[in-house]
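Working notes, structure below.
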Amino acid sequence: MNSTIHITSGDSAGDLIAKSGIPGEVFVWHDILYDGPRQPGWPDEETLIARAAYLEAATGGGLSRESIRQTLETQYARLKTLSSLRLVLWFDACLFDQSMLCHVLTCLRIASVGAVELICVDAFPGIEPYHGLGQLSPEQMASVYPRRRPVTPDQFDFAERVDRAFALQDRQAFEALGREADAPLPWVPAAVRRWLAEQPDETGLGRLERLALEAIRAGNNEPWAIFAAAAAQDTPPQFWTDISLWARINALADRDPPLAVIEGPEARLPQWGGMAGLERFRIRPG
């Protein structure tokens with residue numbers, strides 16, 4: 001092996017790995033693999049086009065579908081070049097990361113990449129609540145590097161099964177995965193149960209929408225106050241980001257009748273940088 005590639009799920013975690021002093025190139029994977037149109041395993045061109053359109057909408061137009069498509073194409077092309085390298089995967093225990101981990105493992109097997117090690121940190125001393133690698137310092141990141149373990153054939157097999165369930169949004173498969181007691185990737189069942197909790201209940205709301213609505217009804221009318229209140233009520237590890245929450249608040253405002261009213265320079269909360277400042281928005285119950 002002449003080099004090491006570190007694959008992780010977020011720019012913040014990637015920056016920390018780069019600053020930790022651990023040798024190797026950092027490769028940050030960008031996508032939302034628990035949602036949106038796709039197929040199991042390696043995507044075809046039609047799938048990449050559909051995902052680019054979906055992610056453009058998910059970011060409120062903050063990223064163009066053309067730039068997203070180029071990013072996705074570059075990622076998969078890069079995977080094809082890694083068969084002779086040593087790979088270390090850094091992922092969190094949350095829904096976002098576990099769905100991505102299973103997809104990346106599935107694609108690595110298709111690309112005939114076998115020398116893969118995995119680091120998944122679901123807790124760290126002194127950090128409470130612990131949500132993910134982005135909370136660590138570069139020194140703390142270096143301290144977990146010895147925890148890496150080779151990915152086993154059973155884990156590759158299990159990842160393919162999970163990736164298929166996410167790609168097909170197969171609720172029956174998710175319910176079975178959520179009940180597994182000895183899963184080869186032990187963080188997947190809890191992540192899958194969180195996916196199930198995000199599906200609309202009898203009121204038509206998922207868990208994050210309910211948390212947002214409760215925060216708004218409790219008197220939090222600024223976006224970051226709603227974020228803090230929702231995060232405080234959620235169960236670690238937290239898989240969602242500010243963009244995810246703003247999208248849920250926008251969805252509450254889009255309901256008929258609206259469950260939230262957004263007041264500010266735009267009709268809906270911005271979902272990407274460069275748009276109107278969030279401090280200029282107020283949200284009240286519908």
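Each chain in the structure tokens gets a letter, A, B, ..., in the order shown, and its residues are numbered from 1; ligands are numbered from 1 in order too.
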**Request:** Within 6 Å of region 224-232 of chain A, counting only C-alpha atoms, which residues show up once you throw out same-chain ones fewer than 6 positions away? Write them as a list in words, please.
**Result:** Leu211, Ala212 and Ala215 of chain A
Produce a file of the selected residues containing N, CA and C atoms, as a CSV table (one decimal), in the first residue's frame.
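See result.csv below for the written result:
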```
chain,number,residue,atom,x,y,z
A,211,LEU,N,-40.6,18.4,16.6
A,211,LEU,CA,-39.7,19.1,17.5
A,211,LEU,C,-39.6,20.6,17.2
A,212,ALA,N,-39.6,20.9,15.9
A,212,ALA,CA,-39.6,22.3,15.5
A,212,ALA,C,-40.9,23.0,15.9
A,215,ALA,N,-41.0,23.7,19.6
A,215,ALA,CA,-40.1,24.9,19.9
A,215,ALA,C,-40.8,26.2,19.6
```
Contacts between region 100-105 of chain A and region 118-230 of chain A, please, where a residue of region 118-230 of chain A counts if it comes within 7 Å (with only C-alpha atoms); show its shortest atom pair and distance in Å to one decimal, rows by chain and ascending number, as CSV.
```
residue,atom,partner,partner_atom,distance
A:Phe156,CA,A:Leu105,CA,6.2
A:Ala159,CA,A:Cys102,CA,4.4
A:Glu160,CA,A:Cys102,CA,6.6
A:Val162,CA,A:Cys102,CA,6.4
A:Asp163,CA,A:His103,CA,5.3
```
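Coordinates place CA of Val113 (chain A) at a distance of 8.2 Å from CA of Leu85 (chain A).
Closest approach to Gly21 (chain A) from the set A:Ser64, A:Gln39, A:Ser143, A:Thr71 is made by A:Ser143, with distances taken over only C-alpha atoms.
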**Prompt:** Could you name the residues that touch Asp31 (chain A) at 9 Å or less, counting only C-alpha atoms, but leaving out those on the same chain fewer than 5 positions away, as a PyMOL selection string?
**Reply:** chain A and resi 9+51+55+72+100
Hey, can you spit out that residue selection with C-alpha atoms as a compact mmCIF listing (two decimals), in the first residue's frame?
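Output saved as part-v4.txt:
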```txt
# COMPACT_ATOMS: atom_id res chain seq x y z
CA SER A 9 -19.10 12.43 5.71
CA ARG A 51 -30.24 13.27 -7.24
CA LEU A 55 -30.31 18.16 -3.74
CA LEU A 72 -21.33 13.36 -7.58
CA MET A 100 -23.81 7.03 3.72
```
**Message:** When you look at Ile7 (chain A) with a cut-off of 9 Å (counting only C-alpha atoms), what residues show up, excluding the ones that are within fewer than 4 positions of it in the same chain? I need them as a count of residues only.
**Reply:** 11
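The nearest approach to Arg65 (chain A) among the residues A:Leu79, A:Val261, A:Leu33, A:Leu48, with only C-alpha atoms taken into account, belongs to A:Leu48.
In terms of minimum interatomic distance to Arg161 (chain A), A:Gly41 ranks closest within A:Ile49, A:Ile32, A:Gly41, A:Phe124, counting only C-alpha atoms.
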**Request:** Give me the residues within 7 Å of region 169-177 of chain A as a count of residues only, counting only C-alpha atoms and dropping any in the same chain fewer than 3 places off.
**Result:** 5
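Distances to Pro129 (chain A) were evaluated for A:Pro200, A:Thr152, A:Gly178, A:Asp234 using only C-alpha atoms, and the minimum falls at A:Asp234.
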**Request:** Just list the residues in region 55-247 of chain A DSSP gives helix (DSSP H, G or I) on the backbone, as an MDAnalysis selection string.
**Result:** chainID A and resid 55:58 65:79 95:110 133:135 138:147 153:168 171:178 188:198 207:217 223:233 242:247
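When the distance limit is 9 Å and only C-alpha atoms are what count, the residues near Ala191 (chain A), minus those fewer than 2 positions from it on the same chain, are Ala93, Cys94, Leu95, Phe96, Asp97, Gln98, Ser99, Gly178, Trp187, Val188, Pro189, Arg193, Arg194, Trp195, Leu196, Pro237 and Phe239 of chain A.
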Let me see the file: selected residues, C-alpha atoms, as a PDB file, in the first residue's frame.
```pdb
ATOM      1  CA  ALA A  93     -23.434   6.639  14.482  1.00  0.00           C
ATOM      2  CA  CYS A  94     -26.296   8.827  13.208  1.00  0.00           C
ATOM      3  CA  LEU A  95     -28.835   8.244  10.437  1.00  0.00           C
ATOM      4  CA  PHE A  96     -27.064  10.578   7.997  1.00  0.00           C
ATOM      5  CA  ASP A  97     -23.690   8.868   8.398  1.00  0.00           C
ATOM      6  CA  GLN A  98     -24.849   5.251   8.632  1.00  0.00           C
ATOM      7  CA  SER A  99     -26.852   5.484   5.407  1.00  0.00           C
ATOM      8  CA  GLY A 178     -34.442  -1.884  13.334  1.00  0.00           C
ATOM      9  CA  TRP A 187     -25.037   1.423  14.782  1.00  0.00           C
ATOM     10  CA  VAL A 188     -27.420   0.764  11.881  1.00  0.00           C
ATOM     11  CA  PRO A 189     -30.529  -0.473  13.792  1.00  0.00           C
ATOM     12  CA  ARG A 193     -35.358   3.403  13.825  1.00  0.00           C
ATOM     13  CA  ARG A 194     -34.702   7.142  13.542  1.00  0.00           C
ATOM     14  CA  TRP A 195     -35.584   6.991   9.850  1.00  0.00           C
ATOM     15  CA  LEU A 196     -38.872   5.362  10.813  1.00  0.00           C
ATOM     16  CA  PRO A 237     -26.762  11.313  17.881  1.00  0.00           C
ATOM     17  CA  PHE A 239     -28.364  13.535  12.274  1.00  0.00           C
TER      18      PHE A 239
END
```
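Each of A:Ala218, A:Ala52, A:Leu185, A:Leu245 was compared to Arg149 (chain A) using only C-alpha atoms, and A:Leu185 turns out to be the nearest.
Put simply, CA of Arg284 (chain A) is 5.8 Å away from CA of Asn221 (chain A).
In this model, the gap between CA of Glu117 (chain A) and CA of Thr4 (chain A) comes to 10.5 Å.
Among the candidate residues A:Thr81, A:Asn220, A:Gln140, A:Ser67, the one lying nearest to Pro285 (chain A) is A:Asn220, with distances computed using only C-alpha atoms.
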